[in-house]
Amino acid sequence: MASSIKPIIWKEKERLDGRIVDCLTVILRTKGCGWDKCYMCGYTNDAYPATKDELIQQIDMALEKADVGVIKIFTSGSFFDDAEVPPEVRIYLLDRIREIGIEKLIVESRPEFVKKEKLEDFRGVNLEVGIGLESADDEVRELCINKGFRFEDFATAAETLREMNFRVKCYLLLKPPFLSEREAINDAVNSVKVVKDYADVVSLNLTNVQKGTLVERLWKAKLYRPPWLWSAVEVLRKSHELNVEILSDPVAAGKLRGPHNCGKCDSMVAKAIRDFSLTQDIEKLENLECECIPKWKKALELEDYSRIPLF
């Protein structure tokens with residue numbers, strides 16, 4: 001009997017060797033992240049204890065019409081965690097990817113699961129593994145995010161991937177809780193400077209308020225505001241100067257729970273960020289104007305002293 005559990009699937013655009021191609025993004029319903037303690041993450045709210053057969057059925061449903069150049073396979077946790085995605089399921093996916101002739105496969109994992117023996121079967125595949133480092137500062141990662149690993153763990157995983165000719169994507173988080181807006185910008189830019197020697201591409205994730213998280217509790221108490229989109233533009237501009245390929249997809253942009261400015265310019269700025277991410281053309285981030293820019297700059301100044309979001 002076919003399972004009623006279906007993966008979440010959508011098509012989007014993705015960079016591939018400097019080209020813009022079609023990409024199929026698939027979120028497999030799995031048991032979720034084994035760590036599940038990060039302050040901003042509510043992904044396990046949608047977790048489901050899928051069996052091996054159910055995971056294989058989800059893969060078949062997702063790849064039924066995979067006429068794309070790139071496939072992203074995401075879970076609520078780590079692709080290389082055997083407890084979440086059993087080895088047999090990974091091998092099945094690998095066989096299907098080769099059968100279809102996909103140009104590039106993108107997955108995600110915590111660093112402790114990135115082991116050479118788990119990667120051996122993927123030799124010959126154009127594989128990119130995303131790792132959620134969030135910040136290159138161990139103190140920020142521990143106290144503001146509760147990520148559960150140190151920078152050296154990320155570095156070891158990145159080196160393992162590079163040695164096997166796989167690509168490394170490093171996820172950085174803009175504005176974890178307990179940082180002011182300016183501190184968040186500085187932490188993100190400093191993190192880009194540190195990780196550029198370890199990662200092939202950096203993905204700047206803008207914090208949004210997910211249900212059942214510590215961030216949500218702080219937000220409801222008016223002790224947290226998601227980052228301004230202007231802050232993301234600032235990080236992207238400064239990172240571009242470092243000759244780093246950096247991407248950002250501002251999820252929930254313009255909503256109160258997501259990164260936002262004043263409301264009037266949100267869609268314009270979010271589109272500029274996405275256009276830059278696809279093209280790496282810095283001109284996409286130039287000449288962006290809105291009457292709320294002075295308010296953003298004042299927020300940077302005042303939050304350093306108040307520690308409470310004022311706008």
# chains A, B, ... in the order shown; residues from 1 in each chain; ligands from 1

call {"tool": "residues_around", "arguments": {"residues": "A:Asp67", "least_positions_apart": "2", "cutoff": "9 Å", "atoms": "only C-alpha atoms", "output": "mmCIF file with N, CA, C and O atoms, in the first residue's frame"}}
result
data_model
loop_
_atom_site.group_PDB
_atom_site.id
_atom_site.type_symbol
_atom_site.label_atom_id
_atom_site.label_comp_id
_atom_site.auth_asym_id
_atom_site.auth_seq_id
_atom_site.Cartn_x
_atom_site.Cartn_y
_atom_site.Cartn_z
ATOM 1 N N ASP A 22 17.273 25.186 -13.934
ATOM 2 C CA ASP A 22 16.119 24.756 -13.152
ATOM 3 C C ASP A 22 16.561 23.815 -12.043
ATOM 4 O O ASP A 22 17.462 22.989 -12.226
ATOM 5 N N CYS A 23 15.930 23.943 -10.902
ATOM 6 C CA CYS A 23 16.276 23.138 -9.727
ATOM 7 C C CYS A 23 15.007 22.602 -9.085
ATOM 8 O O CYS A 23 14.013 23.319 -8.949
ATOM 9 N N LEU A 24 15.052 21.329 -8.712
ATOM 10 C CA LEU A 24 13.956 20.713 -7.979
ATOM 11 C C LEU A 24 14.362 20.619 -6.515
ATOM 12 O O LEU A 24 15.363 19.989 -6.185
ATOM 13 N N LEU A 63 10.912 12.433 -7.704
ATOM 14 C CA LEU A 63 11.717 12.363 -8.925
ATOM 15 C C LEU A 63 10.917 11.930 -10.143
ATOM 16 O O LEU A 63 11.488 11.713 -11.215
ATOM 17 N N GLU A 64 9.607 11.844 -9.998
ATOM 18 C CA GLU A 64 8.761 11.371 -11.100
ATOM 19 C C GLU A 64 8.925 12.233 -12.343
ATOM 20 O O GLU A 64 8.945 11.732 -13.469
ATOM 21 N N LYS A 65 9.039 13.536 -12.140
ATOM 22 C CA LYS A 65 9.197 14.441 -13.287
ATOM 23 C C LYS A 65 10.386 15.373 -13.036
ATOM 24 O O LYS A 65 10.254 16.594 -13.084
ATOM 25 N N GLY A 69 18.275 20.436 -13.876
ATOM 26 C CA GLY A 69 19.720 20.242 -13.829
ATOM 27 C C GLY A 69 20.236 19.958 -12.436
ATOM 28 O O GLY A 69 21.244 19.274 -12.251
ATOM 29 N N ILE A 100 18.645 9.179 -13.784
ATOM 30 C CA ILE A 100 18.029 10.359 -14.396
ATOM 31 C C ILE A 100 19.062 11.221 -15.113
ATOM 32 O O ILE A 100 18.776 11.867 -16.113
ATOM 33 N N ILE A 102 21.106 13.629 -13.392
ATOM 34 C CA ILE A 102 21.125 14.959 -12.778
ATOM 35 C C ILE A 102 22.556 15.502 -12.760
ATOM 36 O O ILE A 102 23.510 14.790 -12.481
#

call {"tool": "residues_around", "arguments": {"residues": "A:Ser231", "least_positions_apart": "2", "cutoff": "9 Å", "atoms": "only C-alpha atoms", "output": "list of chain:residue names"}}
result
A:Leu174, A:Glu181, A:Arg182, A:Ala184, A:Ile185, A:Pro227, A:Trp228, A:Leu229, A:Val233, A:Glu234, A:Val235, A:Leu236, A:Trp296

call {"tool": "write_last_selection", "arguments": {"atoms": "N, CA, C and O atoms", "output": "PDB file, in the first residue's frame"}}
result
ATOM      1  N   LEU A 174      21.928  35.161   9.908  1.00  0.00           N
ATOM      2  CA  LEU A 174      21.919  36.590  10.195  1.00  0.00           C
ATOM      3  C   LEU A 174      20.927  36.890  11.309  1.00  0.00           C
ATOM      4  O   LEU A 174      19.729  36.641  11.183  1.00  0.00           O
ATOM      5  N   GLU A 181      21.275  44.376  16.110  1.00  0.00           N
ATOM      6  CA  GLU A 181      21.309  44.371  14.641  1.00  0.00           C
ATOM      7  C   GLU A 181      22.730  44.589  14.121  1.00  0.00           C
ATOM      8  O   GLU A 181      23.187  43.892  13.217  1.00  0.00           O
ATOM      9  N   ARG A 182      23.438  45.542  14.703  1.00  0.00           N
ATOM     10  CA  ARG A 182      24.803  45.820  14.247  1.00  0.00           C
ATOM     11  C   ARG A 182      25.733  44.650  14.570  1.00  0.00           C
ATOM     12  O   ARG A 182      26.582  44.267  13.758  1.00  0.00           O
ATOM     13  N   ALA A 184      24.904  41.601  14.757  1.00  0.00           N
ATOM     14  CA  ALA A 184      24.551  40.525  13.841  1.00  0.00           C
ATOM     15  C   ALA A 184      25.219  40.729  12.477  1.00  0.00           C
ATOM     16  O   ALA A 184      25.744  39.777  11.876  1.00  0.00           O
ATOM     17  N   ILE A 185      25.200  41.965  11.990  1.00  0.00           N
ATOM     18  CA  ILE A 185      25.865  42.274  10.718  1.00  0.00           C
ATOM     19  C   ILE A 185      27.356  41.980  10.821  1.00  0.00           C
ATOM     20  O   ILE A 185      27.946  41.306   9.951  1.00  0.00           O
ATOM     21  N   PRO A 227      15.785  40.172  11.340  1.00  0.00           N
ATOM     22  CA  PRO A 227      16.693  41.179  10.761  1.00  0.00           C
ATOM     23  C   PRO A 227      16.014  42.060   9.719  1.00  0.00           C
ATOM     24  O   PRO A 227      15.077  41.636   9.045  1.00  0.00           O
ATOM     25  N   TRP A 228      16.509  43.266   9.620  1.00  0.00           N
ATOM     26  CA  TRP A 228      16.102  44.145   8.530  1.00  0.00           C
ATOM     27  C   TRP A 228      16.675  43.582   7.232  1.00  0.00           C
ATOM     28  O   TRP A 228      17.783  43.033   7.207  1.00  0.00           O
ATOM     29  N   LEU A 229      15.930  43.733   6.160  1.00  0.00           N
ATOM     30  CA  LEU A 229      16.452  43.347   4.844  1.00  0.00           C
ATOM     31  C   LEU A 229      17.641  44.218   4.464  1.00  0.00           C
ATOM     32  O   LEU A 229      18.552  43.771   3.751  1.00  0.00           O
ATOM     33  N   VAL A 233      21.379  43.172   2.906  1.00  0.00           N
ATOM     34  CA  VAL A 233      22.038  43.842   1.776  1.00  0.00           C
ATOM     35  C   VAL A 233      23.451  44.276   2.173  1.00  0.00           C
ATOM     36  O   VAL A 233      24.410  44.112   1.410  1.00  0.00           O
ATOM     37  N   GLU A 234      23.581  44.803   3.386  1.00  0.00           N
ATOM     38  CA  GLU A 234      24.892  45.244   3.874  1.00  0.00           C
ATOM     39  C   GLU A 234      25.870  44.070   3.945  1.00  0.00           C
ATOM     40  O   GLU A 234      27.032  44.193   3.518  1.00  0.00           O
ATOM     41  N   VAL A 235      25.430  42.940   4.466  1.00  0.00           N
ATOM     42  CA  VAL A 235      26.307  41.766   4.570  1.00  0.00           C
ATOM     43  C   VAL A 235      26.689  41.270   3.179  1.00  0.00           C
ATOM     44  O   VAL A 235      27.856  40.936   2.930  1.00  0.00           O
ATOM     45  N   LEU A 236      25.740  41.222   2.267  1.00  0.00           N
ATOM     46  CA  LEU A 236      26.018  40.739   0.916  1.00  0.00           C
ATOM     47  C   LEU A 236      26.996  41.656   0.191  1.00  0.00           C
ATOM     48  O   LEU A 236      27.907  41.187  -0.505  1.00  0.00           O
ATOM     49  N   TRP A 296      16.404  52.470   9.801  1.00  0.00           N
ATOM     50  CA  TRP A 296      17.277  51.292   9.973  1.00  0.00           C
ATOM     51  C   TRP A 296      18.615  51.694  10.591  1.00  0.00           C
ATOM     52  O   TRP A 296      19.100  51.058  11.520  1.00  0.00           O
TER      53      TRP A 296
END

call {"tool": "closest_residue", "arguments": {"among": "A:Gln280, A:Ser76, A:Asn186, A:Thr25", "to": "A:Glu241", "atoms": "only C-alpha atoms"}}
result
A:Gln280

call {"tool": "atom_distance", "arguments": {"atom1": "atom CA of A:Asp275", "atom2": "atom CA of A:Ile20"}}
result
10.9 Å

call {"tool": "residues_around", "arguments": {"residues": "stretch 127-141 of chain A", "least_positions_apart": "5", "cutoff": "7 Å", "atoms": "only C-alpha atoms", "output": "MDAnalysis selection string"}}
result
chainID A and resid 104:111 146:147 150:151 154 166:173 187:188 191 194

call {"tool": "write_last_selection", "arguments": {"atoms": "C-alpha atoms", "output": "short mmCIF file (atom, residue, chain, number, x, y, z; two decimals), in the first residue's frame"}}
result
data_model
loop_
_atom_site.label_atom_id
_atom_site.label_comp_id
_atom_site.auth_asym_id
_atom_site.auth_seq_id
_atom_site.Cartn_x
_atom_site.Cartn_y
_atom_site.Cartn_z
CA LYS A 104 24.26 18.30 -9.41
CA LEU A 105 22.94 17.03 -6.08
CA ILE A 106 22.72 19.27 -3.01
CA VAL A 107 22.11 17.88 0.49
CA GLU A 108 22.55 19.09 4.08
CA SER A 109 24.17 17.60 7.16
CA ARG A 110 25.54 18.41 10.57
CA PRO A 111 29.33 18.01 10.55
CA ASN A 146 22.91 26.31 20.89
CA LYS A 147 24.23 24.52 17.82
CA ARG A 150 32.53 23.83 17.47
CA PHE A 151 34.16 25.51 14.49
CA PHE A 154 32.90 22.21 10.75
CA PHE A 166 32.88 17.50 -3.19
CA ARG A 167 31.65 21.06 -2.75
CA VAL A 168 31.05 22.70 0.62
CA LYS A 169 28.18 25.11 1.24
CA CYS A 170 28.35 26.97 4.54
CA TYR A 171 25.12 28.30 6.03
CA LEU A 172 25.48 31.45 8.13
CA LEU A 173 22.66 32.88 10.23
CA ASP A 187 29.23 38.63 13.09
CA ALA A 188 27.97 37.59 9.65
CA SER A 191 32.12 34.74 9.66
CA VAL A 194 36.71 33.06 8.24
#

call {"tool": "select_by_dssp", "arguments": {"residues": "stretch 68-262 of chain A", "states": "strand (DSSP E or B)", "output": "ChimeraX atom specification"}}
result
/A:70-74,104-108,127-134,167-174,201-206,246-247

call {"tool": "write_last_selection", "arguments": {"atoms": "N, CA and C atoms", "output": "mmCIF file, in the first residue's frame"}}
result
data_model
loop_
_atom_site.group_PDB
_atom_site.id
_atom_site.type_symbol
_atom_site.label_atom_id
_atom_site.label_comp_id
_atom_site.auth_asym_id
_atom_site.auth_seq_id
_atom_site.Cartn_x
_atom_site.Cartn_y
_atom_site.Cartn_z
ATOM 1 N N VAL A 70 19.528 20.500 -11.419
ATOM 2 C CA VAL A 70 19.980 20.384 -10.036
ATOM 3 C C VAL A 70 18.834 19.852 -9.174
ATOM 4 N N ILE A 71 19.167 18.993 -8.242
ATOM 5 C CA ILE A 71 18.192 18.526 -7.262
ATOM 6 C C ILE A 71 18.731 18.793 -5.859
ATOM 7 N N LYS A 72 17.899 19.423 -5.031
ATOM 8 C CA LYS A 72 18.215 19.598 -3.620
ATOM 9 C C LYS A 72 17.355 18.619 -2.822
ATOM 10 N N ILE A 73 18.005 17.815 -1.999
ATOM 11 C CA ILE A 73 17.288 16.901 -1.126
ATOM 12 C C ILE A 73 17.511 17.351 0.311
ATOM 13 N N PHE A 74 16.475 17.927 0.907
ATOM 14 C CA PHE A 74 16.571 18.403 2.279
ATOM 15 C C PHE A 74 15.714 17.528 3.190
ATOM 16 N N LYS A 104 23.760 17.946 -10.736
ATOM 17 C CA LYS A 104 24.257 18.302 -9.411
ATOM 18 C C LYS A 104 23.251 17.922 -8.336
ATOM 19 N N LEU A 105 23.770 17.390 -7.235
ATOM 20 C CA LEU A 105 22.943 17.026 -6.083
ATOM 21 C C LEU A 105 23.387 17.845 -4.880
ATOM 22 N N ILE A 106 22.436 18.468 -4.199
ATOM 23 C CA ILE A 106 22.723 19.269 -3.007
ATOM 24 C C ILE A 106 21.984 18.654 -1.822
ATOM 25 N N VAL A 107 22.708 18.403 -0.738
ATOM 26 C CA VAL A 107 22.107 17.876 0.491
ATOM 27 C C VAL A 107 22.638 18.686 1.674
ATOM 28 N N GLU A 108 22.128 18.383 2.865
ATOM 29 C CA GLU A 108 22.552 19.087 4.076
ATOM 30 C C GLU A 108 22.899 18.091 5.168
ATOM 31 N N LEU A 127 28.460 16.540 -6.066
ATOM 32 C CA LEU A 127 27.763 16.644 -4.781
ATOM 33 C C LEU A 127 28.174 17.903 -4.037
ATOM 34 N N GLU A 128 27.172 18.600 -3.500
ATOM 35 C CA GLU A 128 27.412 19.767 -2.642
ATOM 36 C C GLU A 128 26.713 19.519 -1.317
ATOM 37 N N VAL A 129 27.465 19.660 -0.229
ATOM 38 C CA VAL A 129 26.905 19.406 1.100
ATOM 39 C C VAL A 129 26.846 20.710 1.884
ATOM 40 N N GLY A 130 25.659 21.087 2.292
ATOM 41 C CA GLY A 130 25.478 22.284 3.104
ATOM 42 C C GLY A 130 25.598 21.960 4.579
ATOM 43 N N ILE A 131 26.370 22.764 5.304
ATOM 44 C CA ILE A 131 26.550 22.587 6.743
ATOM 45 C C ILE A 131 26.158 23.882 7.441
ATOM 46 N N GLY A 132 25.276 23.776 8.421
ATOM 47 C CA GLY A 132 24.799 24.959 9.134
ATOM 48 C C GLY A 132 25.746 25.397 10.232
ATOM 49 N N LEU A 133 26.803 26.047 9.853
ATOM 50 C CA LEU A 133 27.750 26.578 10.847
ATOM 51 C C LEU A 133 27.101 27.717 11.626
ATOM 52 N N GLU A 134 26.356 28.566 10.939
ATOM 53 C CA GLU A 134 25.612 29.715 11.477
ATOM 54 C C GLU A 134 26.512 30.891 11.843
ATOM 55 N N ARG A 167 31.767 19.649 -3.075
ATOM 56 C CA ARG A 167 31.647 21.060 -2.754
ATOM 57 C C ARG A 167 31.084 21.257 -1.353
ATOM 58 N N VAL A 168 31.504 22.352 -0.729
ATOM 59 C CA VAL A 168 31.049 22.696 0.619
ATOM 60 C C VAL A 168 30.228 23.978 0.555
ATOM 61 N N LYS A 169 29.005 23.903 1.062
ATOM 62 C CA LYS A 169 28.184 25.108 1.240
ATOM 63 C C LYS A 169 28.098 25.376 2.736
ATOM 64 N N CYS A 170 28.395 26.596 3.128
ATOM 65 C CA CYS A 170 28.349 26.972 4.538
ATOM 66 C C CYS A 170 27.155 27.887 4.775
ATOM 67 N N TYR A 171 26.251 27.469 5.650
ATOM 68 C CA TYR A 171 25.117 28.305 6.028
ATOM 69 C C TYR A 171 25.511 29.191 7.201
ATOM 70 N N LEU A 172 25.274 30.487 7.047
ATOM 71 C CA LEU A 172 25.478 31.445 8.127
ATOM 72 C C LEU A 172 24.137 32.081 8.473
ATOM 73 N N LEU A 173 23.931 32.342 9.745
ATOM 74 C CA LEU A 173 22.657 32.878 10.228
ATOM 75 C C LEU A 173 22.789 34.367 10.528
ATOM 76 N N LEU A 174 21.928 35.161 9.908
ATOM 77 C CA LEU A 174 21.919 36.590 10.195
ATOM 78 C C LEU A 174 20.927 36.890 11.309
ATOM 79 N N VAL A 201 30.816 27.948 -1.393
ATOM 80 C CA VAL A 201 29.738 28.919 -1.477
ATOM 81 C C VAL A 201 29.185 29.134 -0.072
ATOM 82 N N VAL A 202 28.753 30.359 0.194
ATOM 83 C CA VAL A 202 28.151 30.710 1.488
ATOM 84 C C VAL A 202 26.685 31.046 1.260
ATOM 85 N N SER A 203 25.835 30.533 2.135
ATOM 86 C CA SER A 203 24.412 30.856 2.086
ATOM 87 C C SER A 203 24.047 31.628 3.338
ATOM 88 N N LEU A 204 23.598 32.859 3.158
ATOM 89 C CA LEU A 204 23.213 33.705 4.284
ATOM 90 C C LEU A 204 21.735 33.497 4.573
ATOM 91 N N ASN A 205 21.444 32.859 5.699
ATOM 92 C CA ASN A 205 20.060 32.601 6.094
ATOM 93 C C ASN A 205 19.591 33.678 7.066
ATOM 94 N N LEU A 206 18.474 34.308 6.734
ATOM 95 C CA LEU A 206 17.937 35.380 7.563
ATOM 96 C C LEU A 206 16.949 34.774 8.548
ATOM 97 N N ILE A 246 28.231 34.218 -2.537
ATOM 98 C CA ILE A 246 27.310 34.207 -1.402
ATOM 99 C C ILE A 246 25.882 34.341 -1.907
ATOM 100 N N LEU A 247 25.014 33.538 -1.338
ATOM 101 C CA LEU A 247 23.617 33.487 -1.744
ATOM 102 C C LEU A 247 22.717 33.804 -0.562
#

call {"tool": "atom_distance", "arguments": {"atom1": "atom CA of A:Tyr198", "atom2": "atom CA of A:Val89"}}
result
28.7 Å

call {"tool": "residues_around", "arguments": {"residues": "A:Cys292", "least_positions_apart": "3", "cutoff": "10 Å", "atoms": "only C-alpha atoms", "output": "ChimeraX atom specification"}}
result
/A:230,261-265,289,295-298

call {"tool": "write_last_selection", "arguments": {"atoms": "N, CA, C and O atoms", "output": "PDB file, in the first residue's frame"}}
result
ATOM      1  N   TRP A 230      17.666  45.461   4.963  1.00  0.00           N
ATOM      2  CA  TRP A 230      18.832  46.325   4.703  1.00  0.00           C
ATOM      3  C   TRP A 230      20.094  45.729   5.327  1.00  0.00           C
ATOM      4  O   TRP A 230      21.187  45.879   4.780  1.00  0.00           O
ATOM      5  N   ASN A 261      11.623  45.281   6.305  1.00  0.00           N
ATOM      6  CA  ASN A 261      11.938  46.694   6.492  1.00  0.00           C
ATOM      7  C   ASN A 261      10.671  47.409   6.958  1.00  0.00           C
ATOM      8  O   ASN A 261      10.086  47.041   7.966  1.00  0.00           O
ATOM      9  N   CYS A 262      10.224  48.369   6.161  1.00  0.00           N
ATOM     10  CA  CYS A 262       9.062  49.171   6.566  1.00  0.00           C
ATOM     11  C   CYS A 262       7.747  48.637   6.029  1.00  0.00           C
ATOM     12  O   CYS A 262       6.679  49.076   6.438  1.00  0.00           O
ATOM     13  N   GLY A 263       7.811  47.702   5.097  1.00  0.00           N
ATOM     14  CA  GLY A 263       6.605  47.201   4.468  1.00  0.00           C
ATOM     15  C   GLY A 263       6.443  47.693   3.047  1.00  0.00           C
ATOM     16  O   GLY A 263       5.963  46.974   2.177  1.00  0.00           O
ATOM     17  N   LYS A 264       6.860  48.925   2.795  1.00  0.00           N
ATOM     18  CA  LYS A 264       6.727  49.493   1.453  1.00  0.00           C
ATOM     19  C   LYS A 264       7.785  48.944   0.492  1.00  0.00           C
ATOM     20  O   LYS A 264       7.505  48.742  -0.693  1.00  0.00           O
ATOM     21  N   CYS A 265       8.999  48.722   1.001  1.00  0.00           N
ATOM     22  CA  CYS A 265      10.109  48.346   0.121  1.00  0.00           C
ATOM     23  C   CYS A 265      10.489  46.874   0.225  1.00  0.00           C
ATOM     24  O   CYS A 265      11.425  46.428  -0.434  1.00  0.00           O
ATOM     25  N   GLU A 289      16.664  52.307  -2.717  1.00  0.00           N
ATOM     26  CA  GLU A 289      16.351  53.440  -1.855  1.00  0.00           C
ATOM     27  C   GLU A 289      14.973  53.274  -1.224  1.00  0.00           C
ATOM     28  O   GLU A 289      14.071  52.685  -1.803  1.00  0.00           O
ATOM     29  N   LYS A 295      15.707  55.140   9.391  1.00  0.00           N
ATOM     30  CA  LYS A 295      15.192  54.444  10.567  1.00  0.00           C
ATOM     31  C   LYS A 295      16.027  53.192  10.857  1.00  0.00           C
ATOM     32  O   LYS A 295      16.321  52.889  12.017  1.00  0.00           O
ATOM     33  N   TRP A 296      16.404  52.470   9.801  1.00  0.00           N
ATOM     34  CA  TRP A 296      17.277  51.292   9.973  1.00  0.00           C
ATOM     35  C   TRP A 296      18.615  51.694  10.591  1.00  0.00           C
ATOM     36  O   TRP A 296      19.100  51.058  11.520  1.00  0.00           O
ATOM     37  N   LYS A 297      19.183  52.773  10.079  1.00  0.00           N
ATOM     38  CA  LYS A 297      20.468  53.238  10.617  1.00  0.00           C
ATOM     39  C   LYS A 297      20.331  53.659  12.081  1.00  0.00           C
ATOM     40  O   LYS A 297      21.234  53.409  12.897  1.00  0.00           O
ATOM     41  N   LYS A 298      19.212  54.279  12.417  1.00  0.00           N
ATOM     42  CA  LYS A 298      18.984  54.664  13.813  1.00  0.00           C
ATOM     43  C   LYS A 298      18.804  53.415  14.683  1.00  0.00           C
ATOM     44  O   LYS A 298      19.276  53.376  15.838  1.00  0.00           O
TER      45      LYS A 298
END

call {"tool": "closest_residue", "arguments": {"among": "A:Arg307, A:Lys118, A:Lys193, A:Lys238", "to": "A:Tyr224", "atoms": "only C-alpha atoms"}}
result
A:Arg307

call {"tool": "closest_residue", "arguments": {"among": "A:Val195, A:Leu55, A:Ile5, A:Ala83", "to": "A:Leu242", "atoms": "only C-alpha atoms"}}
result
A:Val195

call {"tool": "closest_residue", "arguments": {"among": "A:Met268, A:Ile308, A:Cys144, A:Val244", "to": "A:Ala221", "atoms": "only C-alpha atoms"}}
result
A:Ile308

call {"tool": "closest_residue", "arguments": {"among": "A:Cys290, A:Val21, A:Ile145, A:Leu94", "to": "A:Asn126", "atoms": "only C-alpha atoms"}}
result
A:Leu94

call {"tool": "closest_residue", "arguments": {"among": "A:Asp17, A:Tyr39, A:Lys271, A:Ala66", "to": "A:Asp200", "atoms": "only C-alpha atoms"}}
result
A:Asp17

call {"tool": "residues_around", "arguments": {"residues": "A:Asp46", "least_positions_apart": "2", "cutoff": "9 Å", "atoms": "only C-alpha atoms", "output": "number ranges by chain"}}
result
A: 29-32, 42-44, 48, 76

call {"tool": "write_last_selection", "arguments": {"atoms": "N, CA and C atoms", "output": "PDB file, in the first residue's frame"}}
result
ATOM      1  N   ARG A  29      10.024  13.978   4.284  1.00  0.00           N
ATOM      2  CA  ARG A  29       9.465  13.891   5.634  1.00  0.00           C
ATOM      3  C   ARG A  29      10.202  12.773   6.370  1.00  0.00           C
ATOM      4  N   THR A  30      11.048  13.129   7.301  1.00  0.00           N
ATOM      5  CA  THR A  30      11.828  12.175   8.077  1.00  0.00           C
ATOM      6  C   THR A  30      11.517  12.345   9.561  1.00  0.00           C
ATOM      7  N   LYS A  31      12.174  11.555  10.393  1.00  0.00           N
ATOM      8  CA  LYS A  31      11.963  11.654  11.840  1.00  0.00           C
ATOM      9  C   LYS A  31      12.508  12.950  12.417  1.00  0.00           C
ATOM     10  N   GLY A  32      13.309  13.666  11.642  1.00  0.00           N
ATOM     11  CA  GLY A  32      13.792  14.969  12.080  1.00  0.00           C
ATOM     12  C   GLY A  32      15.193  14.948  12.642  1.00  0.00           C
ATOM     13  N   GLY A  42      12.370  25.349  14.113  1.00  0.00           N
ATOM     14  CA  GLY A  42      11.136  24.641  14.412  1.00  0.00           C
ATOM     15  C   GLY A  42      10.803  23.599  13.360  1.00  0.00           C
ATOM     16  N   TYR A  43      11.807  23.180  12.582  1.00  0.00           N
ATOM     17  CA  TYR A  43      11.549  22.254  11.476  1.00  0.00           C
ATOM     18  C   TYR A  43      11.015  20.898  11.937  1.00  0.00           C
ATOM     19  N   THR A  44      11.394  20.472  13.132  1.00  0.00           N
ATOM     20  CA  THR A  44      10.920  19.153  13.564  1.00  0.00           C
ATOM     21  C   THR A  44       9.427  19.163  13.920  1.00  0.00           C
ATOM     22  N   TYR A  48       8.194  13.441  10.673  1.00  0.00           N
ATOM     23  CA  TYR A  48       7.342  12.248  10.626  1.00  0.00           C
ATOM     24  C   TYR A  48       8.260  11.024  10.650  1.00  0.00           C
ATOM     25  N   SER A  76      14.562  17.337   7.717  1.00  0.00           N
ATOM     26  CA  SER A  76      14.458  18.212   8.881  1.00  0.00           C
ATOM     27  C   SER A  76      15.744  18.195   9.696  1.00  0.00           C
TER      28      SER A  76
END
